[in-house]
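Just final.txt here, compact mmCIF, C-alpha atoms:
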```txt
# COMPACT_ATOMS: atom_id res chain seq x y z
CA ALA A 1 33.84 -18.92 25.24
CA PRO A 2 36.72 -18.15 22.81
CA LEU A 3 36.15 -14.42 23.35
CA ALA A 4 36.21 -14.94 27.11
CA CYS A 5 39.52 -16.80 26.79
CA VAL A 6 41.06 -13.99 24.73
CA THR A 7 39.76 -11.34 27.14
CA ALA A 8 41.10 -13.27 30.11
CA ALA A 9 44.50 -13.66 28.46
CA VAL A 10 44.65 -9.92 27.73
CA ALA A 11 43.68 -9.10 31.33
CA VAL A 12 46.38 -11.38 32.72
CA ALA A 13 48.94 -9.84 30.35
CA LEU A 14 47.97 -6.34 31.46
CA LEU A 15 48.16 -7.36 35.10
CA ALA A 16 51.61 -8.87 34.50
CA CYS A 17 52.77 -5.61 32.88
CA LEU A 18 51.43 -3.61 35.82
CA TYR A 19 53.12 -6.06 38.17
CA ALA A 20 56.45 -5.45 36.46
CA ALA A 21 55.88 -1.69 36.26
CA VAL A 22 55.10 -1.27 39.95
CA GLY A 23 57.68 -3.75 41.18
CA GLY A 24 59.25 -0.92 43.13
CA LEU A 25 55.98 0.24 44.69
CA ARG A 26 56.56 1.41 48.22
CA LEU A 27 54.74 -1.09 50.40
CA ARG A 28 55.30 -1.93 54.03
CA ALA A 29 58.20 -4.24 54.74
CA VAL A 30 57.47 -7.89 55.45
CA THR A 31 58.91 -9.06 58.75
CA ALA A 32 58.90 -12.26 60.79
CA ALA A 33 56.74 -10.53 63.41
CA ASP A 34 53.96 -10.09 60.84
CA LEU A 35 53.26 -13.83 60.92
CA ASP A 36 52.78 -13.85 64.69
CA VAL A 37 50.33 -10.97 65.10
CA ALA A 38 47.55 -11.09 67.67
CA GLU A 39 45.11 -9.42 65.26
CA THR A 40 45.16 -9.18 61.47
CA ALA A 41 43.83 -6.31 59.36
CA TYR A 42 40.65 -8.32 58.75
CA MET A 43 40.11 -8.80 62.49
CA ARG A 44 40.59 -5.10 63.17
CA ALA A 45 38.12 -4.25 60.39
CA ASP A 46 35.56 -6.67 61.83
CA ARG A 47 35.96 -5.11 65.27
CA ALA A 48 35.67 -1.56 63.91
CA ALA A 49 32.54 -2.46 61.93
CA GLY A 50 30.92 -4.03 65.01
CA ARG A 51 30.71 -7.41 63.30
CA CYS A 52 32.77 -9.11 66.00
CA ASP A 53 33.11 -7.91 69.58
CA SER A 54 35.61 -10.66 70.30
CA PHE A 55 37.46 -13.33 68.37
CA ALA A 56 37.87 -17.05 68.87
CA ARG A 57 41.53 -17.56 68.00
CA THR A 58 44.28 -19.65 69.54
CA PRO A 59 47.52 -19.46 67.54
CA VAL A 60 49.02 -22.87 66.90
CA ALA A 61 52.50 -23.85 65.77
CA ALA A 62 52.89 -25.47 62.37
CA ALA A 63 53.70 -28.78 64.06
CA GLY A 64 50.28 -28.69 65.71
CA VAL A 65 48.35 -28.66 62.42
CA SER A 66 47.04 -31.83 60.83
CA PRO A 67 49.05 -32.48 57.63
CA VAL A 68 45.86 -33.75 55.99
CA LEU A 69 44.24 -30.36 56.57
CA ALA A 70 47.25 -28.50 55.19
CA CYS A 71 47.25 -30.63 52.05
CA ALA A 72 43.46 -30.46 51.64
CA VAL A 73 43.63 -26.67 51.73
CA VAL A 74 46.41 -26.64 49.12
CA TRP A 75 44.41 -28.88 46.79
CA ALA A 76 41.19 -26.94 47.36
CA GLU A 77 42.51 -23.39 47.19
CA ASP A 78 45.85 -23.25 45.37
CA ARG A 79 47.02 -26.52 43.80
CA ARG A 80 50.22 -24.99 42.41
CA PHE A 81 51.07 -23.33 45.72
CA PHE A 82 54.52 -24.90 46.01
CA TRP A 83 55.42 -24.02 42.41
CA HIS A 84 54.67 -20.30 42.05
CA ASP A 85 56.18 -17.16 43.58
CA GLY A 86 52.90 -15.81 44.95
CA PHE A 87 50.89 -15.25 41.76
CA ASP A 88 49.38 -18.04 39.62
CA GLY A 89 48.59 -16.57 36.20
CA ALA A 90 46.81 -19.72 35.00
CA ALA A 91 44.46 -19.75 38.01
CA PHE A 92 43.79 -16.03 37.65
CA ALA A 93 42.94 -16.42 33.95
CA ALA A 94 40.63 -19.36 34.70
CA ALA A 95 38.80 -17.37 37.39
CA LEU A 96 38.46 -14.40 35.05
CA ARG A 97 37.00 -16.61 32.30
CA VAL A 98 34.41 -17.93 34.76
CA ASP A 99 33.50 -14.35 35.71
CA LEU A 100 33.19 -13.29 32.08
CA ASP A 101 31.02 -16.28 31.19
CA ALA A 102 28.81 -15.64 34.22
CA GLY A 103 28.69 -11.87 33.73
CA THR A 104 30.12 -11.17 37.20
CA ALA A 105 33.09 -9.11 38.33
CA ARG A 106 34.49 -11.13 41.22
CA VAL A 107 37.81 -12.12 39.56
CA GLY A 108 39.14 -14.59 42.11
CA GLY A 109 42.24 -16.61 41.44
CA SER A 110 44.00 -15.47 44.60
CA THR A 111 46.78 -17.76 45.78
CA LEU A 112 47.18 -18.74 49.43
CA ALA A 113 50.03 -16.26 49.76
CA MET A 114 47.82 -13.51 48.31
CA GLN A 115 45.03 -14.42 50.73
CA LEU A 116 47.49 -14.28 53.62
CA ALA A 117 48.74 -10.85 52.49
CA ARG A 118 45.15 -9.62 52.27
CA ASN A 119 44.38 -10.87 55.77
CA LEU A 120 47.52 -9.45 57.33
CA TYR A 121 47.80 -6.07 55.65
CA LEU A 122 44.83 -5.09 53.49
CA SER A 123 41.02 -5.24 53.56
CA ALA A 124 38.06 -7.01 51.98
CA ALA A 125 37.35 -4.10 49.61
CA ARG A 126 37.79 -5.22 46.00
CA SER A 127 39.84 -3.10 43.60
CA PRO A 128 42.56 -3.56 40.95
CA THR A 129 44.97 -1.72 43.26
CA ARG A 130 44.30 -4.16 46.08
CA LYS A 131 44.92 -7.11 43.76
CA LEU A 132 48.28 -5.67 42.75
CA LYS A 133 49.22 -5.07 46.37
CA GLU A 134 48.24 -8.65 47.17
CA ILE A 135 50.55 -9.97 44.44
CA LEU A 136 53.52 -7.86 45.51
CA LEU A 137 53.10 -8.61 49.20
CA ALA A 138 52.55 -12.33 48.51
CA ARG A 139 55.82 -12.49 46.61
CA ARG A 140 57.61 -10.77 49.49
CA LEU A 141 56.05 -13.14 52.02
CA LEU A 142 57.19 -16.22 50.11
CA HIS A 143 60.66 -14.80 49.51
CA ALA A 144 61.09 -13.94 53.19
CA HIS A 145 59.53 -17.01 54.81
CA GLY A 146 59.19 -19.85 52.30
CA HIS A 147 56.15 -21.87 51.29
CA ASP A 148 55.78 -24.08 54.37
CA ARG A 149 55.82 -21.12 56.79
CA VAL A 150 53.40 -19.09 54.66
CA LEU A 151 51.00 -22.04 54.48
CA ALA A 152 51.13 -22.51 58.26
CA ALA A 153 50.55 -18.78 58.80
CA TYR A 154 47.57 -18.78 56.45
CA LEU A 155 45.97 -21.68 58.33
CA ASP A 156 46.54 -19.75 61.55
CA VAL A 157 44.75 -16.52 60.49
CA ALA A 158 42.08 -17.53 57.95
CA GLU A 159 38.44 -17.08 58.97
CA TRP A 160 36.71 -20.47 59.17
CA ALA A 161 33.44 -19.43 60.88
CA PRO A 162 31.94 -16.08 61.91
CA CYS A 163 34.54 -14.37 64.14
CA ALA A 164 36.52 -17.62 64.43
CA TYR A 165 40.01 -17.17 62.99
CA GLY A 166 42.69 -19.82 62.69
CA VAL A 167 42.53 -23.57 62.43
CA GLU A 168 42.60 -24.20 66.18
CA ALA A 169 39.48 -22.08 66.70
CA ALA A 170 37.87 -23.76 63.69
CA ALA A 171 38.53 -27.28 64.99
CA GLN A 172 37.13 -26.37 68.40
CA HIS A 173 34.15 -24.54 66.88
CA TYR A 174 32.98 -27.36 64.62
CA PHE A 175 34.30 -30.51 66.26
CA GLY A 176 35.19 -29.75 69.88
CA HIS A 177 38.86 -30.74 69.73
CA GLY A 178 42.21 -29.30 68.68
CA ALA A 179 43.64 -28.88 65.20
CA ALA A 180 46.27 -31.58 65.67
CA ALA A 181 43.53 -34.22 66.01
CA LEU A 182 41.65 -33.36 62.81
CA ASP A 183 40.96 -36.44 60.72
CA ALA A 184 40.55 -36.58 56.94
CA ALA A 185 36.76 -36.10 56.98
CA GLU A 186 37.04 -33.06 59.25
CA ALA A 187 39.99 -31.66 57.31
CA THR A 188 38.15 -31.78 53.99
CA PHE A 189 35.10 -30.19 55.62
CA LEU A 190 37.20 -27.24 56.83
CA ALA A 191 38.87 -26.89 53.43
CA GLY A 192 35.41 -26.76 51.87
CA MET A 193 34.30 -24.01 54.27
CA LEU A 194 37.04 -21.55 53.26
CA PRO A 195 35.23 -19.94 50.29
CA ARG A 196 32.23 -19.01 52.47
CA PRO A 197 33.09 -19.23 56.16
CA THR A 198 30.32 -16.91 57.31
CA ARG A 199 27.54 -19.30 56.24
CA ALA A 200 27.58 -20.73 59.80
CA PRO A 201 25.92 -21.38 62.22
CA GLY A 202 23.42 -23.06 59.91
CA VAL A 203 24.33 -24.79 56.66
CA LEU A 204 21.67 -24.66 53.95
CA GLU A 205 20.62 -27.93 52.36
CA ALA A 206 22.02 -26.89 48.98
CA ASP A 207 25.32 -25.90 50.60
CA ARG A 208 25.46 -29.20 52.45
CA ALA A 209 25.19 -31.20 49.24
CA ALA A 210 27.95 -29.14 47.63
CA LEU A 211 30.17 -29.46 50.69
CA VAL A 212 29.77 -33.23 50.83
CA ARG A 213 30.63 -33.49 47.14
CA ARG A 214 33.65 -31.25 47.65
CA GLN A 215 34.83 -33.41 50.55
CA GLN A 216 34.56 -36.55 48.43
CA ILE A 217 36.47 -34.92 45.57
CA LEU A 218 39.24 -33.78 47.90
CA LEU A 219 39.54 -37.24 49.46
CA GLY A 220 40.02 -38.70 45.99
CA LEU A 221 42.68 -36.13 45.16
CA LEU A 222 44.53 -36.72 48.42
CA PHE A 223 44.57 -40.45 47.65
CA ARG A 224 45.83 -39.95 44.10
CA ALA A 225 48.49 -37.56 45.40
CA GLY A 226 49.72 -40.17 47.88
CA VAL A 227 48.81 -38.22 51.02
CA LEU A 228 46.19 -40.75 52.18
CA ASP A 229 46.23 -44.49 51.64
CA ARG A 230 43.21 -46.47 50.46
CA PRO A 231 42.00 -47.62 53.93
CA ALA A 232 42.19 -44.04 55.20
CA VAL A 233 40.11 -42.76 52.28
CA GLN A 234 37.53 -45.50 52.71
CA ALA A 235 37.23 -44.70 56.43
CA ALA A 236 37.01 -40.98 55.68
CA ARG A 237 34.24 -41.47 53.13
CA ARG A 238 32.20 -43.33 55.75
CA ALA A 239 32.95 -40.58 58.27
CA VAL A 240 31.77 -37.86 55.86
CA SER A 241 28.39 -39.58 55.59
CA ALA A 242 28.21 -40.06 59.36
CA MET A 243 29.19 -36.49 60.22
CA TRP A 244 26.18 -35.13 58.29
CA SER A 245 23.68 -37.72 59.49
CA GLY A 246 22.27 -35.34 62.09
CA GLY A 247 21.76 -32.49 59.62
CA ALA A 248 24.88 -30.57 60.66
CA PRO A 249 28.60 -31.43 60.74
CA ARG A 250 29.78 -33.17 63.89
CA HIS A 251 32.79 -35.13 65.07
CA VAL A 252 32.73 -38.86 64.40
CA ASP A 253 35.38 -40.87 66.21
CA HIS A 254 36.58 -43.54 63.77
CA GLY A 255 40.27 -43.67 64.61
CA PRO A 256 43.31 -41.83 63.20
CA ALA A 257 43.85 -41.49 59.47
CA SER A 258 46.87 -43.14 57.91
CA VAL A 259 48.85 -40.18 56.59
CA ALA A 260 52.11 -40.18 54.67
CA ALA A 261 54.68 -39.04 57.23
CA ASP A 262 56.46 -36.82 54.73
CA ALA A 263 53.29 -35.43 53.15
CA LEU A 264 54.28 -31.79 53.47
CA ALA A 265 57.92 -32.47 52.68
CA ARG A 266 56.75 -34.05 49.42
CA ARG A 267 54.68 -30.93 48.84
CA CYS A 268 51.37 -32.66 49.57
CA GLY A 269 51.79 -34.83 46.49
CA THR A 270 51.56 -31.82 44.17
CA THR A 271 55.05 -32.28 42.71
CA ALA A 272 54.18 -35.77 41.50
CA SER A 273 50.54 -35.05 40.68
CA GLY A 274 50.47 -31.47 39.48
CA GLU A 275 48.19 -32.19 36.55
CA LEU A 276 45.30 -33.25 38.79
CA ALA A 277 42.54 -30.65 38.61
CA VAL A 278 40.56 -29.52 41.64
CA VAL A 279 36.85 -29.04 41.04
CA ARG A 280 35.70 -25.74 42.57
CA ASP A 281 31.93 -26.19 42.68
CA MET A 282 30.88 -24.33 45.81
CA PRO A 283 27.79 -22.16 45.28
```
In structure tokens, what does this structure look like?
Amino acid sequence: APLACVTAAVAVALLACLYAAVGGLRLRAVTAADLDVAETAYMRADRAAGRCDSFARTPVAAAGVSPVLACAVVWAEDRRFFWHDGFDGAAFAAALRVDLDAGTARVGGSTLAMQLARNLYLSAARSPTRKLKEILLARRLLHAHGHDRVLAAYLDVAEWAPCAYGVEAAAQHYFGHGAAALDAAEATFLAGMLPRPTRAPGVLEADRAALVRRQQILLGLLFRAGVLDRPAVQAARRAVSAMWSGGAPRHVDHGPASVAADALARRCGTTASGELAVVRDMP
């Protein structure tokens, strides 16, 4: 473990040096139009590979997204999202240590802005060059558009199920209603699907157990961050159990969640609760 920590620290330092050295790398300009594209680079690649003949995607304005979903995704994927400039060295080092301990070479640690850059401009092919491009483009995206707009754009282009891109398509795919009506149980389910969206249409029993646990963890974090109040969390915990009672996720109508009206303005509770750790236990 100590060796893994040292190796991870060295890798992050080298990446930081490369980041500084290629700061002037000629990459495409980031424009406002990039966040309103009909198809992303990932969608075009899926079409070219024959994986998807068509896409389920209905762009939705930021105001049409459930704030609980937005905050659940921040806590699940990038808990320091509102604090960094596109690259989170601590998260990258932690992901690298996990890879070294497990003997893999995945090296995750991508921030939401990096994931958005990858979706918009790059590809799924892994390489050190791609990671550097992600970092540089993520920084440009945040500088040009700000954190709230980048978060909304990510929710609007991420793949949530096979060939289903964007939160509106995801809400319709899994629950049969729009993104604005997502409750806390549904929001934490979607946040839990992001690491492996192509597992649908069936969810393996082992995956289901991990997803339920992830939902419960996220509900606890959202409560501690002040995004959800206690009655909302209690109702959501019951809804999580009910949504899986038939062996697959489904909508359970239990009334609206009580959400802090300024949840996003208060940065989803992360400013006040930045030391809370998110457990990433998906298989």
Legend entry - Selected residue, from A:Ala38, A:Ala113, A:Ala124, A:Met43, that lies nearest to His145 (chain A) when counting all atoms listed in the file: A:Ala113
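The space separating CA of Asp148 (chain A) from CA of Pro249 (chain A) comes to 28.9 Å.
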Inset, instruction - For each of A:Ala70, A:Arg47, A:His177, A:Phe223, take the minimum atom-to-atom distance to Leu190 (chain A), counting all atoms listed in the file, then give the residue where this is smallest. - result: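 Of the candidates, the smallest distance to Leu190 (chain A) is held by A:Ala70.
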Legend entry - Top pick for closest residue to Ile135 (chain A), considering A:Phe189, A:Tyr154, A:Phe87, A:Phe175 and counting all atoms listed in the file: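 Closest candidate: A:Phe87.
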Legend entry - Polymer residues at most 10 Å from Gln215 (chain A), only C-alpha atoms, same-chain spacing of 3 or more positions, as a count of residues only: 22
Inset, instruction - Calculate how many Å separate CA of Ile217 (chain A) from CA of Gly109 (chain A), rounding to one decimal. - result: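 So the two atoms, CA of Ile217 (chain A) and CA of Gly109 (chain A), lie 19.6 Å apart.
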Legend entry - Residue nearest Val60 (chain A) - candidates A:Arg196, A:Val233, A:Val167, A:Leu182, atoms counted: only C-alpha atoms: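 Going through A:Arg196, A:Val233, A:Val167, A:Leu182 one by one, the smallest distance to Val60 (chain A) is for A:Val167.
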Legend entry - Exercise: residues within 12 Å of coordinate (41.1, -3.8, 62.6), counting only C-alpha atoms, as a ChimeraX atom specification: /A:37-55,119-124
Inset, instruction - Please measure the separation of CA of Ala225 (chain A) and CA of Ala158 (chain A), giving the value in Å to one decimal. - result: 24.5 Å
Inset, instruction - Rank A:Cys268, A:Ala239, A:Ala29, A:Ala164 by their smallest atom-to-atom distance to Ala138 (chain A), using all atoms listed in the file, and report the top residue only. - result: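 With all atoms listed in the file as the atom set, the closest residue is A:Ala29.
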Legend entry - Among listed residues A:Thr111, A:Asp88, A:Trp160, A:Ala125, nearest Gln172 (chain A) (using all atoms listed in the file):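 Once distances to Gln172 (chain A) are computed over all atoms listed in the file, the minimum belongs to A:Trp160.
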